[in-house]
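Content type compact mmCIF, C-alpha atoms and all ligand atoms, from the file start.txt:
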```
# COMPACT_ATOMS: atom_id res chain seq x y z
CA MET A 866 86.29 129.56 108.26
CA GLU A 867 84.75 128.04 111.33
CA ILE A 868 86.97 126.95 114.16
CA ASP A 869 85.90 124.59 116.89
CA ARG A 870 87.34 126.36 119.91
CA ARG A 871 87.54 123.25 122.03
CA VAL A 872 89.36 121.26 119.36
CA PHE A 873 91.82 124.10 118.84
CA LEU A 874 92.50 124.52 122.57
CA ALA A 875 93.05 120.79 122.92
CA THR A 876 95.94 121.07 120.45
CA LEU A 877 97.68 123.48 122.83
CA GLY A 878 97.78 121.19 125.85
CA SER A 879 96.38 121.21 129.37
CA THR A 880 94.44 124.13 130.90
CA ALA A 881 97.48 125.01 133.00
CA VAL A 882 99.61 125.22 129.87
CA ILE A 883 97.03 127.36 128.07
CA ASN A 884 96.65 129.72 131.04
CA ALA A 885 100.39 130.21 131.22
CA MET A 886 100.60 131.11 127.54
CA PRO A 887 101.08 134.77 126.60
CA ASP A 888 98.33 136.14 124.34
CA GLU A 889 100.56 136.66 121.34
CA GLU A 890 101.68 133.03 121.55
CA LYS A 891 98.05 131.93 121.59
CA ALA A 892 97.30 134.15 118.60
CA GLU A 893 100.23 132.68 116.74
CA ALA A 894 99.14 129.15 117.54
CA LEU A 895 95.66 129.97 116.27
CA GLU A 896 97.04 131.33 113.04
CA HIS A 897 99.12 128.20 112.60
CA TYR A 898 96.14 126.02 113.25
CA MET A 899 93.97 127.94 110.78
CA THR A 900 96.58 127.81 108.04
CA HIS A 901 96.83 124.09 108.52
CA LYS A 902 93.04 123.66 108.46
CA LEU A 903 92.77 125.81 105.36
CA ASP A 904 95.39 123.72 103.57
CA GLU A 905 93.41 120.62 104.44
CA GLN A 906 90.24 122.14 103.00
CA THR A 907 91.80 123.35 99.78
CA THR A 908 93.67 120.16 99.03
CA GLY A 909 90.93 117.90 100.35
CA ASN A 910 93.72 115.71 101.54
CA GLU A 911 94.73 115.08 105.11
CA LEU A 912 98.10 113.62 104.29
CA VAL A 913 100.79 116.00 105.40
CA ILE A 914 103.79 114.30 103.91
CA ARG A 915 104.45 112.04 100.93
CA ARG A 916 104.92 108.44 101.93
CA GLY A 917 108.09 108.19 99.89
CA SER A 918 109.94 110.83 101.96
CA GLY A 919 112.73 109.72 104.24
CA ASP A 920 112.59 109.46 108.03
CA LEU A 921 114.92 112.44 108.52
CA PHE A 922 112.46 114.54 106.53
CA GLY A 923 109.47 113.74 108.67
CA SER A 924 108.16 110.48 107.28
CA GLN A 925 107.10 107.76 109.73
CA PRO A 926 109.54 104.92 110.20
CA GLN A 927 108.65 102.38 107.55
CA SER A 928 107.59 99.71 110.01
CA ALA A 929 104.68 101.90 111.09
CA GLY A 930 103.26 101.22 107.64
CA GLU A 931 100.58 103.89 107.84
CA PRO A 932 100.22 107.02 105.76
CA VAL A 933 101.19 110.08 107.79
CA ARG A 934 98.10 112.00 108.82
CA ALA A 935 99.50 114.32 111.43
CA PRO A 936 102.75 116.21 111.67
CA ARG A 937 105.32 114.24 113.57
CA ALA A 938 107.63 115.91 116.03
CA LEU A 939 111.09 115.77 114.53
CA LYS A 940 113.99 114.95 116.77
CA GLN A 941 116.72 117.52 117.15
CA LEU A 942 119.73 116.54 115.12
CA GLU A 943 123.24 116.96 116.38
CA ARG A 944 125.84 118.50 114.14
CA MET A 945 127.96 115.81 112.58
CA PRO A 946 131.77 115.62 112.80
CA GLU A 947 133.61 117.45 110.04
CA LYS A 948 134.81 114.31 108.31
CA PRO A 949 131.98 111.91 108.98
CA THR A 950 132.57 108.19 108.77
CA LEU A 951 129.95 105.55 108.15
CA VAL A 952 129.97 104.81 111.88
CA ASP A 953 129.24 108.51 112.54
CA PHE A 954 126.21 108.24 110.26
CA PHE A 955 124.95 105.30 112.30
CA THR A 956 125.49 107.29 115.50
CA TYR A 957 124.16 110.70 114.47
CA ARG A 958 121.61 110.01 111.74
CA PHE A 959 120.53 106.38 111.43
CA ALA A 960 120.19 105.54 115.14
CA PRO A 961 118.63 103.44 116.50
CA ALA A 962 118.80 101.60 113.14
CA THR A 963 117.19 98.58 114.79
CA HIS A 964 115.91 97.08 111.53
CA VAL A 965 119.23 96.96 109.68
CA LEU A 966 121.12 95.92 112.82
CA GLN A 967 118.69 93.05 113.28
CA SER A 968 119.16 91.98 109.67
CA ALA A 969 122.94 92.07 109.92
CA THR A 970 122.89 90.29 113.29
CA ASP A 971 120.72 87.54 111.84
CA ALA A 972 123.07 87.20 108.86
CA MET A 973 126.09 87.00 111.14
CA LYS A 974 124.48 84.41 113.44
CA LYS A 975 123.69 82.23 110.46
CA GLY A 976 127.28 82.36 109.24
CA GLU A 977 126.87 84.46 106.11
CA LYS A 978 130.01 85.82 104.48
CA GLU A 979 131.19 89.30 105.40
CA GLU A 980 129.96 91.02 102.25
CA THR A 981 126.45 89.64 102.77
CA ILE A 982 126.52 90.87 106.38
CA LEU A 983 127.56 94.32 105.15
CA ALA A 984 124.80 94.28 102.52
CA CYS A 985 122.25 93.45 105.24
CA LEU A 986 123.64 96.22 107.45
CA MET A 987 123.36 98.77 104.65
CA HIS A 988 120.25 97.54 102.80
CA ASP A 989 117.73 100.06 104.19
CA VAL A 990 119.80 102.91 105.64
CA VAL A 991 118.76 105.12 102.73
CA LEU A 992 115.22 105.13 104.15
CA ASN A 993 116.51 108.01 106.26
CA LEU A 994 116.83 109.99 103.05
CA ILE A 995 114.07 108.64 100.84
CA LYS A 996 111.78 105.62 100.73
CA VAL A 997 110.45 105.37 97.21
CA ASP A 998 112.67 103.07 95.13
CA HIS A 999 114.96 102.68 98.11
CA GLY A 1000 116.76 99.71 96.55
CA TRP A 1001 118.06 101.86 93.72
CA TRP A 1002 118.77 104.93 95.87
CA GLY A 1003 120.45 102.85 98.56
CA ALA A 1004 122.66 101.00 96.09
CA GLN A 1005 123.67 104.18 94.31
CA MET A 1006 124.48 105.99 97.52
CA ILE A 1007 127.04 103.40 98.61
CA GLU A 1008 128.26 102.35 95.17
CA PRO A 1009 131.55 104.31 95.30
CA TYR A 1010 132.48 102.68 98.61
CA VAL A 1011 131.61 98.98 98.34
CA SER A 1012 132.14 96.09 95.95
CA GLU A 1013 129.90 95.84 92.91
CA LYS A 1014 128.31 92.72 94.37
CA VAL A 1015 127.18 94.51 97.55
CA SER A 1016 125.56 97.41 95.72
CA TRP A 1017 124.01 95.02 93.16
CA ALA A 1018 122.45 93.04 95.99
CA ILE A 1019 121.02 96.13 97.64
CA ARG A 1020 119.65 97.48 94.36
CA HIS A 1021 117.72 94.28 93.71
CA HIS A 1022 116.50 93.34 97.18
CA GLN A 1023 113.65 95.82 96.78
CA ALA A 1024 112.08 93.92 93.88
CA LEU A 1025 112.87 90.49 95.31
CA ARG A 1026 110.95 91.29 98.50
CA PHE A 1027 107.70 90.85 96.56
CA TYR A 1028 108.51 87.38 95.23
CA PRO A 1029 108.80 84.31 97.43
CA ASP A 1030 111.57 81.79 97.06
CA GLU A 1031 110.66 78.67 98.98
CA SER A 1032 114.06 77.11 98.24
CA VAL A 1033 115.57 79.43 100.86
CA GLY A 1034 112.45 79.71 103.01
CA TYR A 1035 111.48 83.19 101.91
CA HIS A 1036 107.73 83.92 101.98
CA TYR A 1037 105.76 87.00 101.00
CA PRO A 1038 106.03 89.36 104.01
CA GLU A 1039 102.97 89.83 106.21
CA GLN A 1040 104.14 93.39 106.64
CA TYR A 1041 103.63 94.05 102.93
CA ILE A 1042 99.97 93.12 103.17
CA ARG A 1043 99.69 95.85 105.80
CA ILE A 1044 101.74 98.41 103.86
CA PHE A 1045 100.55 97.77 100.31
CA GLY A 1046 97.18 96.06 100.85
CA LYS A 1047 95.99 92.56 100.00
CA GLU A 1048 95.37 93.04 96.29
CA TYR A 1049 98.64 94.80 95.58
CA VAL A 1050 100.36 93.93 92.34
CA PRO A 1051 103.91 95.29 92.00
CA GLU A 1052 104.50 97.83 89.24
CA PRO A 1053 105.67 96.33 85.91
CA TYR A 1054 109.20 97.72 86.39
CA ILE A 1055 109.46 95.86 89.70
CA LYS A 1056 108.38 92.62 88.05
CA LYS A 1057 110.87 93.15 85.22
CA THR A 1058 113.64 93.84 87.71
CA TYR A 1059 112.75 90.68 89.62
CA GLU A 1060 112.88 88.61 86.43
CA TYR A 1061 116.24 90.10 85.51
CA ALA A 1062 117.66 89.52 88.99
CA ARG A 1063 116.23 85.99 89.18
CA ASN A 1064 118.41 84.96 86.23
CA HIS A 1065 121.52 86.83 87.27
CA LYS A 1066 124.64 85.09 88.59
CA TRP A 1067 124.41 87.23 91.74
CA TYR A 1068 120.75 86.46 92.41
CA MET A 1069 121.52 84.81 95.76
CA GLU A 1070 123.47 87.86 96.94
CA ALA A 1071 120.29 89.94 96.76
CA ARG A 1072 118.04 87.08 97.85
CA MET A 1073 119.97 86.64 101.09
CA ILE A 1074 119.19 90.24 102.05
CA THR A 1075 115.50 89.40 101.84
CA VAL A 1076 116.01 86.23 103.86
CA HIS A 1077 117.55 88.21 106.74
CA ASP A 1078 115.16 91.14 106.30
CA LEU A 1079 113.29 90.66 109.58
CA TYR A 1080 110.50 93.15 109.96
CA ALA A 1081 109.12 92.16 113.28
CA PHE A 1082 111.01 93.58 116.20
CA GLN A 1083 112.89 90.72 117.82
CA PRO A 1084 112.74 91.41 121.56
CA ASP A 1085 115.25 88.66 122.32
CA MET A 1086 117.82 90.06 119.91
CA LYS A 1087 120.22 92.59 121.37
CA VAL A 1088 121.62 94.78 118.65
CA SER A 1089 124.66 96.99 118.46
CA LEU A 1090 126.96 98.22 115.72
CA ASP A 1091 130.04 96.89 117.55
CA PRO A 1092 130.16 93.42 115.97
CA PHE A 1093 130.19 95.05 112.52
CA ILE A 1094 132.93 97.64 112.95
CA ASP A 1095 135.66 95.34 111.59
CA ILE A 1096 133.53 94.27 108.65
CA ILE A 1097 132.89 97.93 107.81
CA GLY A 1098 136.65 98.53 108.06
CA ARG A 1099 137.41 95.71 105.65
CA HIS A 1100 134.64 96.22 103.09
CA PHE A 1101 133.57 99.86 103.16
CA LYS A 1102 136.07 102.29 101.63
CA GLN A 1103 135.81 105.20 104.01
CA PRO A 1104 136.92 108.38 102.17
CA LYS A 1105 139.54 110.34 104.12
CA GLU A 1106 137.75 113.66 103.45
CA GLY A 1107 134.62 112.26 105.10
CA LEU A 1108 131.40 110.98 103.53
CA GLY A 1109 129.76 113.90 101.78
CA PHE A 1110 132.99 115.78 101.12
CA ASP A 1111 135.03 113.46 98.92
CA GLY A 1112 133.66 114.67 95.58
CA SER A 1113 132.19 111.26 94.75
CA PRO A 1114 129.14 111.14 92.44
CA THR A 1115 126.95 110.40 95.47
CA ALA A 1116 128.53 112.78 98.02
CA HIS A 1117 125.46 115.05 97.82
CA MET A 1118 123.25 112.20 99.06
CA TRP A 1119 125.32 111.91 102.23
CA ARG A 1120 125.36 115.69 102.60
CA SER A 1121 121.58 115.78 102.38
CA MET A 1122 121.52 113.64 105.50
CA ILE A 1123 124.16 115.76 107.21
CA PHE A 1124 122.14 118.94 106.53
CA PRO A 1125 118.48 117.91 106.15
CA ASP A 1126 117.37 121.36 107.38
CA HIS A 1127 119.15 123.37 104.71
CA PRO A 1128 116.42 125.12 102.71
CA LEU A 1129 118.26 124.83 99.38
FE FE A 1201 114.39 97.23 101.87
FE FE A 1202 114.59 95.79 105.18
```

Just give me the structure of the file as structure tokens.
Amino acid sequence: MEIDRRVFLATLGSTAVINAMPDEEKAEALEHYMTHKLDEQTTGNELVIRRGSGDLFGSQPQSAGEPVRAPRALKQLERMPEKPTLVDFFTYRFAPATHVLQSATDAMKKGEKEETILACLMHDVVLNLIKVDHGWWGAQMIEPYVSEKVSWAIRHHQALRFYPDESVGYHYPEQYIRIFGKEYVPEPYIKKTYEYARNHKWYMEARMITVHDLYAFQPDMKVSLDPFIDIIGRHFKQPKEGLGFDGSPTAHMWRSMIFPDHPL
């Protein structure tokens, strides 16, 4: 296997950094680099992580929209409190959570009812865990703790995102052309889900999530979790044992975000 010395050295940093490096550290870095290169050659694929993985597991934040081609430095995670609340998850795992905070802020400004605001706040938090089919995962994860309407809305917003509804001013998102490409046709199960949701009595519950689903960063919008604390208190049934430890059917999903580094 041929190694371009200059390319390898460039991965280590500046000349000063390289000179200060002990030999065994250099050797180890070289081995690392070669293993990585070899993997690339054998798989013929530069992607280092599946696009459907969650942010906590190394995927790029969804708004970046690009397949991951280089390892991303993962931020150090703080240990969570023993009985974590939803607010703790926002603080320790979801932060900065700009996208969902923007959605919820928009919903609040436009006078939506509290459950819709909560649905907007929670609609994409599961992207920290997993991205593929995030509507279904996200709904399931919070199902034991919210009203049926809120989880229904979150489950179906994923499919509705692909289908405009001019009656409420919802257009096909620009962002989706970047993420999925111009010619993208949603999978048949997405279309079927849309058709089902379209005719459901709660259609507007899910549709309103898409209406407030602002992708572009809004520089003029200051976001914080504070305005939503009371709404969480009224509409999210916080288990006294802490999320992840209450024995609910989805507790393991919360635990996976508490301990994303556990090997098994
Ligand atoms: Fe979403
Ligand atoms: Fe979203």

(message) Considering all atoms listed in the file, can you say which of A:Tyr898, A:Tyr1037, A:Trp1067, A:Phe1093 comes closest to Phe955 of chain A?
(response)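 Under the stated criterion, the closest residue is A:Phe1093.
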
(message) I'd like to know which of A:Leu1090, A:Ala1004, A:Ala892, A:Met945 is closest to ligand FE 1201 (chain A), using all atoms listed in the file.
(response) A:Ala1004

Find the nearest atom pair between each residue of chain A and ligand FE 1202 (chain A) for residues within 9 Å, count all atoms listed in the file, give distances in Å to one decimal, sort rows by chain and ascending number, and present the table as a tab-separated table.
```
residue	atom	partner	partner_atom	distance
A:His964	CA	A:FE1202	FE	6.6
A:Val965	CA	A:FE1202	FE	6.6
A:Ser968	CA	A:FE1202	FE	7.5
A:Cys985	CA	A:FE1202	FE	8.0
A:His988	CA	A:FE1202	FE	6.4
A:Asp989	CA	A:FE1202	FE	5.4
A:Val990	CA	A:FE1202	FE	8.8
A:His1022	CA	A:FE1202	FE	8.6
A:Gln1023	CA	A:FE1202	FE	8.5
A:Arg1026	CA	A:FE1202	FE	8.8
A:Ile1074	CA	A:FE1202	FE	7.9
A:Thr1075	CA	A:FE1202	FE	7.3
A:His1077	CA	A:FE1202	FE	8.3
A:Asp1078	CA	A:FE1202	FE	4.8
A:Leu1079	CA	A:FE1202	FE	6.9
A:Tyr1080	CA	A:FE1202	FE	6.8
```

(request) Considering all atoms listed in the file, return as a VMD selection string whatever protein or nucleic-acid residues lie within 12 Å of Pro1038 of chain A, sequence-local ones (same chain, fewer than 4 positions apart) excluded. (result) chain A and resid 1025 to 1030 1034 1042 to 1047 1075 to 1081

(request) May I have the protein, DNA and RNA residues with any atom at most 9 Å from the point (112.6, 107.8, 109.0), counting only C-alpha atoms, written as a PyMOL selection string? (result) chain A and resi 918-927+959+992-996

Which neighbours of Trp1119 of chain A fall inside 8 Å, counting all atoms listed in the file, when residues of the same chain fewer than 4 positions from it are skipped, and could you give them as a CSV table (one decimal) with C-alpha atoms, keeping the file's coordinate frame?
```csv
chain,number,residue,atom,x,y,z
A,1006,MET,CA,124.5,106.0,97.5
A,1108,LEU,CA,131.4,111.0,103.5
A,1109,GLY,CA,129.8,113.9,101.8
A,1115,THR,CA,127.0,110.4,95.5
A,1123,ILE,CA,124.2,115.8,107.2
```

(message) One number please: atom CA of Ser1016 of chain A to atom CA of Thr981 of chain A, in Å, one decimal.
(response)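 It comes out at 10.5 Å.
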
(message) One number please: atom CA of Met1073 of chain A to atom CA of Asp998 of chain A, in Å, one decimal.
(response)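 Going from atom CA of Met1073 of chain A over to atom CA of Asp998 of chain A, I get 18.9 Å.
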
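Atom to atom, atom CA of Gln1103 of chain A and atom CA of Pro1009 of chain A stand 9.7 Å apart.
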